[in-house]
>>> print(open('run_5.pdb').read())   # PDB, C-alpha atoms
ATOM      1  CA  MET D  30       0.000   0.000   0.000
ATOM      2  CA  THR D  31       1.179   3.467  -0.871
ATOM      3  CA  ARG D  32      -0.334   6.745   0.233
ATOM      4  CA  TYR D  33      -1.511   8.841  -2.679
ATOM      5  CA  ARG D  34      -2.703  12.403  -2.691
ATOM      6  CA  VAL D  35      -5.668  12.762  -5.035
ATOM      7  CA  ALA D  36      -6.970  16.204  -5.982
ATOM      8  CA  VAL D  37     -10.525  16.614  -7.264
ATOM      9  CA  HIS D  38     -12.224  19.584  -8.915
ATOM     10  CA  ILE D  39     -15.996  19.801  -8.585
ATOM     11  CA  VAL D  40     -17.753  22.543 -10.549
ATOM     12  CA  PRO D  41     -21.351  23.462 -11.353
ATOM     13  CA  ARG D  42     -22.372  21.791 -14.577
ATOM     14  CA  LYS D  43     -22.536  24.008 -17.673
ATOM     15  CA  GLY D  44     -26.054  25.314 -18.101
ATOM     16  CA  VAL D  45     -26.719  25.341 -14.350
ATOM     17  CA  LEU D  46     -26.966  28.914 -13.102
ATOM     18  CA  ASP D  47     -23.933  29.645 -10.930
ATOM     19  CA  PRO D  48     -24.625  32.922  -9.109
ATOM     20  CA  GLN D  49     -21.304  32.744  -7.260
ATOM     21  CA  GLY D  50     -19.431  32.460 -10.533
ATOM     22  CA  LYS D  51     -21.424  35.356 -11.952
ATOM     23  CA  ALA D  52     -20.689  37.524  -8.886
ATOM     24  CA  VAL D  53     -16.980  36.735  -9.190
ATOM     25  CA  ALA D  54     -16.961  37.545 -12.918
ATOM     26  CA  ASP D  55     -18.793  40.824 -12.270
ATOM     27  CA  ALA D  56     -16.298  41.747  -9.534
ATOM     28  CA  LEU D  57     -13.360  40.954 -11.822
ATOM     29  CA  HIS D  58     -14.860  43.123 -14.556
ATOM     30  CA  ALA D  59     -15.324  45.942 -12.062
ATOM     31  CA  LEU D  60     -11.623  45.631 -11.175
ATOM     32  CA  GLY D  61     -10.626  46.013 -14.808
ATOM     33  CA  PHE D  62     -10.118  42.347 -15.674
ATOM     34  CA  GLY D  63     -12.319  42.737 -18.722
ATOM     35  CA  ALA D  64     -10.869  39.682 -20.445
ATOM     36  CA  VAL D  65     -12.788  37.352 -18.133
ATOM     37  CA  ARG D  66     -15.559  35.738 -20.173
ATOM     38  CA  ASP D  67     -16.945  33.365 -17.586
ATOM     39  CA  ALA D  68     -16.251  32.210 -14.052
ATOM     40  CA  ARG D  69     -17.564  29.225 -12.188
ATOM     41  CA  VAL D  70     -17.029  28.565  -8.507
ATOM     42  CA  GLY D  71     -16.746  25.029  -7.254
ATOM     43  CA  ARG D  72     -14.806  22.993  -4.726
ATOM     44  CA  HIS D  73     -11.295  21.606  -4.643
ATOM     45  CA  LEU D  74     -10.796  18.529  -2.485
ATOM     46  CA  ILE D  75      -7.521  16.935  -1.510
ATOM     47  CA  LEU D  76      -7.786  13.340  -0.359
ATOM     48  CA  ASP D  77      -4.954  11.224   1.035
ATOM     49  CA  VAL D  78      -5.771   7.662   0.113
ATOM     50  CA  ASP D  79      -3.967   4.372   0.699
ATOM     51  CA  ALA D  80      -4.008   2.239  -2.441
ATOM     52  CA  ALA D  81      -1.973  -0.403  -4.255
ATOM     53  CA  ASP D  82      -1.190   1.914  -7.149
ATOM     54  CA  ALA D  83      -2.080   5.294  -8.597
ATOM     55  CA  SER D  84      -4.866   4.035 -10.829
ATOM     56  CA  SER D  85      -6.676   2.251  -8.015
ATOM     57  CA  ALA D  86      -6.318   5.401  -5.870
ATOM     58  CA  GLU D  87      -7.951   7.344  -8.677
ATOM     59  CA  SER D  88     -10.722   4.838  -9.242
ATOM     60  CA  SER D  89     -11.569   4.726  -5.537
ATOM     61  CA  VAL D  90     -11.858   8.528  -5.504
ATOM     62  CA  ARG D  91     -14.109   8.380  -8.563
ATOM     63  CA  GLY D  92     -16.338   6.066  -6.571
ATOM     64  CA  MET D  93     -16.384   8.607  -3.728
ATOM     65  CA  CYS D  94     -17.332  11.366  -6.159
ATOM     66  CA  ASP D  95     -20.160   9.320  -7.627
ATOM     67  CA  LYS D  96     -21.553   8.425  -4.216
ATOM     68  CA  LEU D  97     -21.010  11.535  -2.104
ATOM     69  CA  LEU D  98     -18.593  14.221  -3.197
ATOM     70  CA  ALA D  99     -20.382  15.461  -6.330
ATOM     71  CA  ASN D 100     -24.079  15.703  -7.119
ATOM     72  CA  PRO D 101     -24.600  14.278 -10.608
ATOM     73  CA  VAL D 102     -27.714  16.441 -11.087
ATOM     74  CA  THR D 103     -25.837  19.717 -10.916
ATOM     75  CA  GLU D 104     -22.097  19.124 -10.792
ATOM     76  CA  ASP D 105     -19.227  17.726 -12.852
ATOM     77  CA  TYR D 106     -16.006  16.506 -11.321
ATOM     78  CA  GLU D 107     -12.559  15.766 -12.625
ATOM     79  CA  ILE D 108      -9.534  14.193 -11.022
ATOM     80  CA  ALA D 109      -7.063  17.067 -11.044
ATOM     81  CA  GLY D 110      -4.026  15.057 -10.042
ATOM     82  CA  VAL D 111      -2.702  11.943  -8.327
ATOM     83  CA  SER D 112       0.685  12.007  -6.606
ATOM     84  CA  THR D 113       2.492  10.161  -3.875
ATOM     85  CA  SER D 114       2.077  12.328  -0.831
TER      86      SER D 114
ATOM     87  CA  MET S   2     -51.690   7.845  13.799
ATOM     88  CA  LYS S   3     -48.125   8.763  14.669
ATOM     89  CA  PHE S   4     -45.649  11.154  13.082
ATOM     90  CA  GLY S   5     -41.954  10.304  13.403
ATOM     91  CA  ILE S   6     -39.747  13.402  13.342
ATOM     92  CA  VAL S   7     -36.066  12.833  12.630
ATOM     93  CA  THR S   8     -33.434  15.000  14.274
ATOM     94  CA  PHE S   9     -30.026  15.182  12.611
ATOM     95  CA  PRO S  10     -27.048  17.025  14.093
ATOM     96  CA  GLY S  11     -27.873  20.594  13.038
ATOM     97  CA  SER S  12     -31.640  20.183  12.635
ATOM     98  CA  ASN S  13     -33.432  23.136  14.227
ATOM     99  CA  ARG S  14     -37.135  22.921  13.344
ATOM    100  CA  GLU S  15     -37.932  19.552  14.841
ATOM    101  CA  ILE S  16     -39.816  21.172  17.737
ATOM    102  CA  ASP S  17     -41.760  23.426  15.366
ATOM    103  CA  ALA S  18     -42.777  20.367  13.370
ATOM    104  CA  SER S  19     -43.695  18.528  16.544
ATOM    105  CA  LEU S  20     -45.924  21.368  17.794
ATOM    106  CA  ALA S  21     -47.619  21.640  14.404
ATOM    107  CA  VAL S  22     -48.539  17.964  14.680
ATOM    108  CA  THR S  23     -49.510  17.793  18.353
ATOM    109  CA  GLN S  24     -51.099  21.206  18.899
ATOM    110  CA  GLY S  25     -51.998  21.926  15.300
ATOM    111  CA  VAL S  26     -53.847  18.754  14.371
ATOM    112  CA  GLY S  27     -53.761  16.716  17.595
ATOM    113  CA  ALA S  28     -51.770  13.738  16.362
ATOM    114  CA  ASP S  29     -48.975  11.907  18.171
ATOM    115  CA  VAL S  30     -45.267  12.425  17.656
ATOM    116  CA  VAL S  31     -42.276  10.223  18.241
ATOM    117  CA  HIS S  32     -38.872  11.866  18.016
ATOM    118  CA  LEU S  33     -36.282   9.858  16.133
ATOM    119  CA  TRP S  34     -32.520  10.344  16.301
ATOM    120  CA  HIS S  35     -30.489  10.128  13.126
ATOM    121  CA  LYS S  36     -28.520   7.187  14.520
ATOM    122  CA  ASP S  37     -31.661   5.139  15.198
ATOM    123  CA  HIS S  38     -32.431   2.079  13.112
ATOM    124  CA  ASP S  39     -36.121   1.907  13.954
ATOM    125  CA  LEU S  40     -38.990   4.225  12.986
ATOM    126  CA  GLN S  41     -40.847   3.118  16.148
ATOM    127  CA  GLY S  42     -44.075   2.481  14.339
ATOM    128  CA  ALA S  43     -44.397   5.977  12.868
ATOM    129  CA  ASP S  44     -46.949   6.189  10.049
ATOM    130  CA  VAL S  45     -45.585   9.430   8.628
ATOM    131  CA  ILE S  46     -41.959  10.556   8.647
ATOM    132  CA  ILE S  47     -40.981  14.219   8.769
ATOM    133  CA  LEU S  48     -37.452  15.375   7.953
ATOM    134  CA  PRO S  49     -37.443  18.859   9.510
ATOM    135  CA  GLY S  50     -35.657  22.077   8.632
ATOM    136  CA  GLY S  51     -32.254  23.152   9.818
ATOM    137  CA  PHE S  52     -28.668  22.785   8.752
ATOM    138  CA  SER S  53     -27.821  19.125   9.159
ATOM    139  CA  TYR S  54     -24.063  18.602   9.314
ATOM    140  CA  GLY S  55     -23.612  22.345   8.884
ATOM    141  CA  ASP S  56     -24.641  22.042   5.222
ATOM    142  CA  TYR S  57     -21.051  20.848   4.670
ATOM    143  CA  LEU S  58     -20.261  19.669   1.144
ATOM    144  CA  ARG S  59     -23.859  20.280  -0.037
ATOM    145  CA  ALA S  60     -27.034  20.830   1.966
ATOM    146  CA  GLY S  61     -28.376  17.395   2.879
ATOM    147  CA  ALA S  62     -25.514  15.461   1.288
ATOM    148  CA  ILE S  63     -24.149  13.980   4.505
ATOM    149  CA  ALA S  64     -27.455  13.573   6.386
ATOM    150  CA  ARG S  65     -28.610  11.436   3.504
ATOM    151  CA  PHE S  66     -26.211   8.722   4.706
ATOM    152  CA  SER S  67     -27.295   8.865   8.368
ATOM    153  CA  PRO S  68     -28.211   5.423   9.707
ATOM    154  CA  ILE S  69     -31.939   6.185   9.967
ATOM    155  CA  MET S  70     -32.149   7.133   6.300
ATOM    156  CA  ARG S  71     -32.014   3.458   5.358
ATOM    157  CA  GLU S  72     -35.342   2.965   7.172
ATOM    158  CA  VAL S  73     -36.748   6.238   5.817
ATOM    159  CA  VAL S  74     -35.977   5.132   2.253
ATOM    160  CA  GLU S  75     -37.611   1.754   2.933
ATOM    161  CA  HIS S  76     -40.667   3.526   4.405
ATOM    162  CA  ALA S  77     -40.948   5.625   1.231
ATOM    163  CA  ARG S  78     -40.476   2.577  -1.016
ATOM    164  CA  ARG S  79     -43.416   0.917   0.731
ATOM    165  CA  GLY S  80     -45.527   3.894  -0.344
ATOM    166  CA  ALA S  81     -45.776   5.361   3.152
ATOM    167  CA  PRO S  82     -45.720   9.145   3.599
ATOM    168  CA  VAL S  83     -42.489  11.102   3.953
ATOM    169  CA  LEU S  84     -42.490  14.892   4.288
ATOM    170  CA  GLY S  85     -39.280  16.895   3.936
ATOM    171  CA  ILE S  86     -39.353  20.556   4.900
ATOM    172  CA  CYS S  87     -36.532  22.913   3.908
ATOM    173  CA  ASN S  88     -33.377  20.964   4.863
ATOM    174  CA  GLY S  89     -35.588  17.872   4.752
ATOM    175  CA  PHE S  90     -36.392  18.638   1.081
ATOM    176  CA  GLN S  91     -32.669  18.941   0.375
ATOM    177  CA  ILE S  92     -32.046  15.589   2.083
ATOM    178  CA  LEU S  93     -34.831  13.902   0.072
ATOM    179  CA  CYS S  94     -33.306  15.149  -3.186
ATOM    180  CA  GLU S  95     -29.842  13.997  -2.153
ATOM    181  CA  ALA S  96     -31.329  10.609  -1.231
ATOM    182  CA  HIS S  97     -32.929  10.381  -4.710
ATOM    183  CA  LEU S  98     -36.391  10.076  -3.179
ATOM    184  CA  LEU S  99     -37.252  13.237  -5.123
ATOM    185  CA  PRO S 100     -35.887  14.359  -8.498
ATOM    186  CA  GLY S 101     -33.662  17.415  -8.923
ATOM    187  CA  ALA S 102     -31.506  19.368  -6.516
ATOM    188  CA  LEU S 103     -31.515  22.543  -4.422
ATOM    189  CA  LEU S 104     -28.769  25.062  -5.037
ATOM    190  CA  ARG S 105     -27.630  28.357  -3.538
ATOM    191  CA  ASN S 106     -30.304  31.072  -3.806
ATOM    192  CA  ALA S 107     -29.823  33.029  -7.029
ATOM    193  CA  SER S 108     -29.575  36.229  -4.966
ATOM    194  CA  LEU S 109     -26.749  34.674  -2.902
ATOM    195  CA  ARG S 110     -28.689  35.975   0.127
ATOM    196  CA  PHE S 111     -30.351  34.023   2.855
ATOM    197  CA  ALA S 112     -34.110  34.352   2.275
ATOM    198  CA  SER S 113     -36.060  34.917   5.486
ATOM    199  CA  GLN S 114     -39.499  36.244   4.617
ATOM    200  CA  TRP S 115     -43.170  35.456   4.131
ATOM    201  CA  VAL S 116     -44.133  34.103   0.736
ATOM    202  CA  HIS S 117     -47.345  33.239  -1.058
ATOM    203  CA  LEU S 118     -47.714  29.792  -2.553
ATOM    204  CA  ARG S 119     -50.288  28.585  -5.032
ATOM    205  CA  VAL S 120     -51.519  25.055  -4.538
ATOM    206  CA  GLU S 121     -50.892  23.483  -7.944
ATOM    207  CA  ASN S 122     -52.154  20.001  -7.210
ATOM    208  CA  ALA S 123     -54.824  19.510  -4.517
ATOM    209  CA  ASP S 124     -55.198  15.772  -5.105
ATOM    210  CA  THR S 125     -52.085  14.660  -3.258
ATOM    211  CA  LEU S 126     -51.755  13.025   0.115
ATOM    212  CA  PHE S 127     -50.308  16.309   1.383
ATOM    213  CA  THR S 128     -52.589  18.893  -0.233
ATOM    214  CA  ASN S 129     -56.134  17.454  -0.320
ATOM    215  CA  ALA S 130     -57.397  19.871   2.354
ATOM    216  CA  TYR S 131     -56.651  22.760  -0.016
ATOM    217  CA  GLU S 132     -58.372  23.772  -3.226
ATOM    218  CA  LYS S 133     -56.451  23.736  -6.479
ATOM    219  CA  GLY S 134     -55.282  27.290  -7.107
ATOM    220  CA  GLN S 135     -55.676  28.291  -3.455
ATOM    221  CA  LEU S 136     -53.133  30.818  -2.189
ATOM    222  CA  ILE S 137     -51.446  30.200   1.138
ATOM    223  CA  ARG S 138     -49.078  32.400   3.104
ATOM    224  CA  VAL S 139     -46.119  30.729   4.799
ATOM    225  CA  PRO S 140     -42.558  31.711   5.745
ATOM    226  CA  VAL S 141     -39.289  30.681   4.107
ATOM    227  CA  ALA S 142     -35.868  30.676   5.771
ATOM    228  CA  HIS S 143     -33.101  29.230   3.627
ATOM    229  CA  GLY S 144     -29.896  29.926   1.760
ATOM    230  CA  ASP S 145     -30.034  26.967  -0.611
ATOM    231  CA  GLY S 146     -33.553  26.756  -1.991
ATOM    232  CA  ARG S 147     -33.193  27.161  -5.731
ATOM    233  CA  TYR S 148     -34.882  24.128  -7.212
ATOM    234  CA  THR S 149     -33.048  22.825 -10.256
ATOM    235  CA  ALA S 150     -33.553  19.848 -12.518
ATOM    236  CA  ASP S 151     -32.608  19.054 -16.085
ATOM    237  CA  ALA S 152     -35.086  20.008 -18.810
ATOM    238  CA  ASP S 153     -36.486  16.491 -19.230
ATOM    239  CA  THR S 154     -37.048  16.021 -15.508
ATOM    240  CA  LEU S 155     -38.665  19.431 -15.236
ATOM    241  CA  LYS S 156     -41.051  18.682 -18.091
ATOM    242  CA  SER S 157     -41.870  15.301 -16.618
ATOM    243  CA  ILE S 158     -42.737  16.595 -13.138
ATOM    244  CA  GLU S 159     -44.810  19.403 -14.647
ATOM    245  CA  ASP S 160     -46.675  17.050 -16.976
ATOM    246  CA  ARG S 161     -47.377  14.559 -14.225
ATOM    247  CA  GLY S 162     -48.693  17.141 -11.776
ATOM    248  CA  GLN S 163     -45.832  16.613  -9.344
ATOM    249  CA  VAL S 164     -45.451  20.328  -8.667
ATOM    250  CA  ALA S 165     -47.445  20.747  -5.452
ATOM    251  CA  PHE S 166     -46.685  24.391  -4.649
ATOM    252  CA  ARG S 167     -45.427  27.336  -6.675
ATOM    253  CA  TYR S 168     -44.199  30.755  -5.518
ATOM    254  CA  VAL S 169     -46.594  33.513  -6.585
ATOM    255  CA  ASP S 170     -47.330  37.070  -5.540
ATOM    256  CA  ARG S 171     -50.219  37.966  -3.247
ATOM    257  CA  HIS S 172     -52.561  38.027  -6.243
ATOM    258  CA  GLY S 173     -51.535  34.574  -7.384
ATOM    259  CA  ASN S 174     -49.278  35.601 -10.231
ATOM    260  CA  PRO S 175     -45.938  33.897 -10.745
ATOM    261  CA  LEU S 176     -43.473  36.802 -10.911
ATOM    262  CA  PRO S 177     -39.684  36.915 -10.501
ATOM    263  CA  ASP S 178     -40.067  39.111  -7.403
ATOM    264  CA  ALA S 179     -42.357  36.528  -5.810
ATOM    265  CA  ASN S 180     -39.750  33.781  -6.149
ATOM    266  CA  PRO S 181     -37.360  34.093  -3.178
ATOM    267  CA  ASN S 182     -34.574  31.884  -4.495
ATOM    268  CA  GLY S 183     -34.660  31.656  -8.290
ATOM    269  CA  SER S 184     -36.204  28.166  -8.400
ATOM    270  CA  LEU S 185     -36.907  26.950 -11.933
ATOM    271  CA  ASN S 186     -40.599  27.340 -12.840
ATOM    272  CA  ASP S 187     -41.100  29.012  -9.421
ATOM    273  CA  ILE S 188     -41.223  25.559  -7.861
ATOM    274  CA  ALA S 189     -41.606  25.596  -4.062
ATOM    275  CA  GLY S 190     -42.536  21.969  -3.462
ATOM    276  CA  ILE S 191     -42.826  18.687  -5.370
ATOM    277  CA  VAL S 192     -44.096  15.185  -4.794
ATOM    278  CA  ASN S 193     -42.499  12.023  -6.136
ATOM    279  CA  ASP S 194     -43.953  10.056  -9.000
ATOM    280  CA  ARG S 195     -45.972   7.881  -6.630
ATOM    281  CA  GLY S 196     -47.217  10.849  -4.584
ATOM    282  CA  ASN S 197     -46.158   9.619  -1.143
ATOM    283  CA  VAL S 198     -43.085  11.836  -0.729
ATOM    284  CA  LEU S 199     -43.332  15.639  -0.556
ATOM    285  CA  GLY S 200     -40.465  18.089  -0.308
ATOM    286  CA  LEU S 201     -40.917  21.835   0.035
ATOM    287  CA  MET S 202     -38.663  24.725   0.990
ATOM    288  CA  PRO S 203     -41.247  26.889   2.848
ATOM    289  CA  HIS S 204     -42.265  26.140   6.423
ATOM    290  CA  PRO S 205     -45.942  25.139   6.767
ATOM    291  CA  GLU S 206     -45.157  24.002  10.324
ATOM    292  CA  ASP S 207     -44.492  27.649  11.199
ATOM    293  CA  ALA S 208     -47.874  28.794   9.925
ATOM    294  CA  VAL S 209     -50.216  26.844  12.203
ATOM    295  CA  ASP S 210     -51.341  29.382  14.799
ATOM    296  CA  PRO S 211     -52.681  32.947  14.563
ATOM    297  CA  LEU S 212     -49.870  33.981  16.926
ATOM    298  CA  LEU S 213     -47.384  33.023  14.224
ATOM    299  CA  GLY S 214     -49.096  35.248  11.675
ATOM    300  CA  SER S 215     -50.788  32.558   9.602
ATOM    301  CA  THR S 216     -52.616  29.270   9.934
ATOM    302  CA  ASP S 217     -52.341  28.408   6.252
ATOM    303  CA  GLY S 218     -49.870  25.607   6.912
ATOM    304  CA  LEU S 219     -52.367  23.567   8.905
ATOM    305  CA  GLY S 220     -54.002  22.255   5.751
ATOM    306  CA  LEU S 221     -50.912  20.255   4.906
ATOM    307  CA  PHE S 222     -51.055  18.353   8.194
ATOM    308  CA  GLU S 223     -54.844  17.997   7.966
ATOM    309  CA  SER S 224     -54.418  16.547   4.474
ATOM    310  CA  ILE S 225     -52.058  13.872   5.760
ATOM    311  CA  LEU S 226     -54.394  13.037   8.650
ATOM    312  CA  ALA S 227     -57.365  12.735   6.324
ATOM    313  CA  ARG S 228     -55.613  10.179   4.122
ATOM    314  CA  VAL S 229     -53.593   8.262   6.666
ATOM    315  CA  ALA S 230     -55.824   8.249   9.759
ATOM    316  CA  ALA S 231     -56.818   4.694  10.526
TER     317      ALA S 231
END
>>> encode(input="run_5.pdb", output="structure tokens")
Amino acid sequence: MTRYRVAVHIVPRKGVLDPQGKAVADALHALGFGAVRDARVGRHLILDVDAADASSAESSVRGMCDKLLANPVTEDYEIAGVSTS
Amino acid sequence: MKFGIVTFPGSNREIDASLAVTQGVGADVVHLWHKDHDLQGADVIILPGGFSYGDYLRAGAIARFSPIMREVVEHARRGAPVLGICNGFQILCEAHLLPGALLRNASLRFASQWVHLRVENADTLFTNAYEKGQLIRVPVAHGDGRYTADADTLKSIEDRGQVAFRYVDRHGNPLPDANPNGSLNDIAGIVNDRGNVLGLMPHPEDAVDPLLGSTDGLGLFESILARVAA
């Protein structure tokens, strides 16, 4: 068993109104960052997981996302990185 | 006839719900703890309002896996009544007992105010004491009440009459200003396909006595009694 650090991004699905993202984009525009076309605000999770190898660490975290960490009705997730911690 | 009211860590309206049942319509209550594995013979389950598990991760996401939810899901699968109010609605969606999800209010503000609801379907287990189209006045108090579902789900629940309550203004018109959270189609409460599970964001249990400013919420509890009383 090796300890892996798995990072997950969870963001509101495209097409789902994200008022936080809109507020952030509006604030950035007000500060002169006019190049910002869109902003979405989600969550970044860092999980330390014991697993036999990197791919099983990733697949176990996918299972966690499907069951608890992300809501499939409104959110998408992606594994942002797997490293030995 | 016994109502089982579940308390999760962070629930805060379980006493309000209990008083609505005992003083409002004179039925019995048994209080259930989220770690229980037994509904203690309750005929109707209420998941009350509050902030279970601090709304961490997503409102209702962690409560959904509390031990008692296994029995609550079984109760619902048998066709027995389950009522989720506010946080309870969020938990029911997370538990897939109701379609869709509840997201942060579009205003990004906590909504604490009186609202008017229009009864959209008066044939359900939970609404038969009302008339279709009747307006009722009840309070809301939530930060995550924006009902969302994909287009197909939304069409399906509309077509099947699963929208029980809709936000309207005092004259009964659905207007953006009358919708406190940006819910799609001004949806305030829905029933499941089978009609034995209701979730709603407003608080009918806090509109059951003239002292509270309204008694319009009583009809919901009377409806349940009328159908379930045996």
>>> atom_distance(input="run_5.pdb", atom1="CA of Leu99 in chain S", atom2="CA of Val7 in chain S")
17.8 Å
>>> interface_residues(input="run_5.pdb", of="chain S", to="chain D", cutoff="7 Å", atoms="all atoms listed in the file", output="ChimeraX atom specification")
/S:62,101-102,107,109,150
>>> closest_residue(input="run_5.pdb", among="S:Ile92, S:Ala18, S:Ile47, S:Leu58", to="Cys94 in chain D", atoms="all atoms listed in the file")
S:Leu58
>>> resolve_selection(input="run_5.pdb", expression="the PyMOL selection byres ((chain S and resi 168-172) around 12)", output="JSON, numbers by chain")
{"S": [115, 116, 117, 118, 119, 120, 121, 134, 135, 136, 137, 138, 139, 140, 141, 146, 147, 148, 164, 165, 166, 167, 173, 174, 175, 176, 177, 178, 179, 180, 181, 182, 183, 184, 185, 186, 187, 188, 189, 190, 201, 202, 203]}
>>> write_last_selection(input="run_5.pdb", atoms="C-alpha atoms", output="mmCIF file, keeping the file's coordinate frame")
data_model
loop_
_atom_site.group_PDB
_atom_site.id
_atom_site.type_symbol
_atom_site.label_atom_id
_atom_site.label_comp_id
_atom_site.auth_asym_id
_atom_site.auth_seq_id
_atom_site.Cartn_x
_atom_site.Cartn_y
_atom_site.Cartn_z
ATOM 1 C CA TRP S 115 -43.170 35.456 4.131
ATOM 2 C CA VAL S 116 -44.133 34.103 0.736
ATOM 3 C CA HIS S 117 -47.345 33.239 -1.058
ATOM 4 C CA LEU S 118 -47.714 29.792 -2.553
ATOM 5 C CA ARG S 119 -50.288 28.585 -5.032
ATOM 6 C CA VAL S 120 -51.519 25.055 -4.538
ATOM 7 C CA GLU S 121 -50.892 23.483 -7.944
ATOM 8 C CA GLY S 134 -55.282 27.290 -7.107
ATOM 9 C CA GLN S 135 -55.676 28.291 -3.455
ATOM 10 C CA LEU S 136 -53.133 30.818 -2.189
ATOM 11 C CA ILE S 137 -51.446 30.200 1.138
ATOM 12 C CA ARG S 138 -49.078 32.400 3.104
ATOM 13 C CA VAL S 139 -46.119 30.729 4.799
ATOM 14 C CA PRO S 140 -42.558 31.711 5.745
ATOM 15 C CA VAL S 141 -39.289 30.681 4.107
ATOM 16 C CA GLY S 146 -33.553 26.756 -1.991
ATOM 17 C CA ARG S 147 -33.193 27.161 -5.731
ATOM 18 C CA TYR S 148 -34.882 24.128 -7.212
ATOM 19 C CA VAL S 164 -45.451 20.328 -8.667
ATOM 20 C CA ALA S 165 -47.445 20.747 -5.452
ATOM 21 C CA PHE S 166 -46.685 24.391 -4.649
ATOM 22 C CA ARG S 167 -45.427 27.336 -6.675
ATOM 23 C CA GLY S 173 -51.535 34.574 -7.384
ATOM 24 C CA ASN S 174 -49.278 35.601 -10.231
ATOM 25 C CA PRO S 175 -45.938 33.897 -10.745
ATOM 26 C CA LEU S 176 -43.473 36.802 -10.911
ATOM 27 C CA PRO S 177 -39.684 36.915 -10.501
ATOM 28 C CA ASP S 178 -40.067 39.111 -7.403
ATOM 29 C CA ALA S 179 -42.357 36.528 -5.810
ATOM 30 C CA ASN S 180 -39.750 33.781 -6.149
ATOM 31 C CA PRO S 181 -37.360 34.093 -3.178
ATOM 32 C CA ASN S 182 -34.574 31.884 -4.495
ATOM 33 C CA GLY S 183 -34.660 31.656 -8.290
ATOM 34 C CA SER S 184 -36.204 28.166 -8.400
ATOM 35 C CA LEU S 185 -36.907 26.950 -11.933
ATOM 36 C CA ASN S 186 -40.599 27.340 -12.840
ATOM 37 C CA ASP S 187 -41.100 29.012 -9.421
ATOM 38 C CA ILE S 188 -41.223 25.559 -7.861
ATOM 39 C CA ALA S 189 -41.606 25.596 -4.062
ATOM 40 C CA GLY S 190 -42.536 21.969 -3.462
ATOM 41 C CA LEU S 201 -40.917 21.835 0.035
ATOM 42 C CA MET S 202 -38.663 24.725 0.990
ATOM 43 C CA PRO S 203 -41.247 26.889 2.848
#
>>> closest_residue(input="run_5.pdb", among="S:Lys3, S:Arg228, S:Arg65, S:Arg161", to="Ile46 in chain S", atoms="all atoms listed in the file")
S:Lys3
>>> residues_around(input="run_5.pdb", residues="range 33-38 of chain D", least_positions_apart="6", cutoff="8 Å", atoms="all atoms listed in the file", output="list in words")
Gly71, Arg72, His73, Leu74, Ile75, Leu76, Asp77, Val78, Asp79, Ala80, Ala83, Ala86, Glu87, Val90, Tyr106, Glu107, Ile108, Ala109, Gly110, Val111, Ser112, Thr113 and Ser114 of chain D
>>> atom_distance(input="run_5.pdb", atom1="CA of Leu48 in chain S", atom2="CA of Gly85 in chain S")
4.7 Å
>>> atom_distance(input="run_5.pdb", atom1="CA of Lys43 in chain D", atom2="CA of Arg91 in chain D")
20.0 Å
>>> closest_residue(input="run_5.pdb", among="D:Val70, D:Ala81, D:Val53, D:Leu60", to="Met30 in chain D", atoms="only C-alpha atoms")
D:Ala81
>>> decode(input="run_5.pdb", residues="range 64-96 of chain D", atoms="C-alpha atoms", output="compact mmCIF listing (two decimals), in the first residue's frame")
# COMPACT_ATOMS: atom_id res chain seq x y z
CA ALA D 64 -10.87 39.68 -20.44
CA VAL D 65 -12.79 37.35 -18.13
CA ARG D 66 -15.56 35.74 -20.17
CA ASP D 67 -16.94 33.37 -17.59
CA ALA D 68 -16.25 32.21 -14.05
CA ARG D 69 -17.56 29.23 -12.19
CA VAL D 70 -17.03 28.56 -8.51
CA GLY D 71 -16.75 25.03 -7.25
CA ARG D 72 -14.81 22.99 -4.73
CA HIS D 73 -11.29 21.61 -4.64
CA LEU D 74 -10.80 18.53 -2.49
CA ILE D 75 -7.52 16.94 -1.51
CA LEU D 76 -7.79 13.34 -0.36
CA ASP D 77 -4.95 11.22 1.03
CA VAL D 78 -5.77 7.66 0.11
CA ASP D 79 -3.97 4.37 0.70
CA ALA D 80 -4.01 2.24 -2.44
CA ALA D 81 -1.97 -0.40 -4.26
CA ASP D 82 -1.19 1.91 -7.15
CA ALA D 83 -2.08 5.29 -8.60
CA SER D 84 -4.87 4.04 -10.83
CA SER D 85 -6.68 2.25 -8.02
CA ALA D 86 -6.32 5.40 -5.87
CA GLU D 87 -7.95 7.34 -8.68
CA SER D 88 -10.72 4.84 -9.24
CA SER D 89 -11.57 4.73 -5.54
CA VAL D 90 -11.86 8.53 -5.50
CA ARG D 91 -14.11 8.38 -8.56
CA GLY D 92 -16.34 6.07 -6.57
CA MET D 93 -16.38 8.61 -3.73
CA CYS D 94 -17.33 11.37 -6.16
CA ASP D 95 -20.16 9.32 -7.63
CA LYS D 96 -21.55 8.42 -4.22
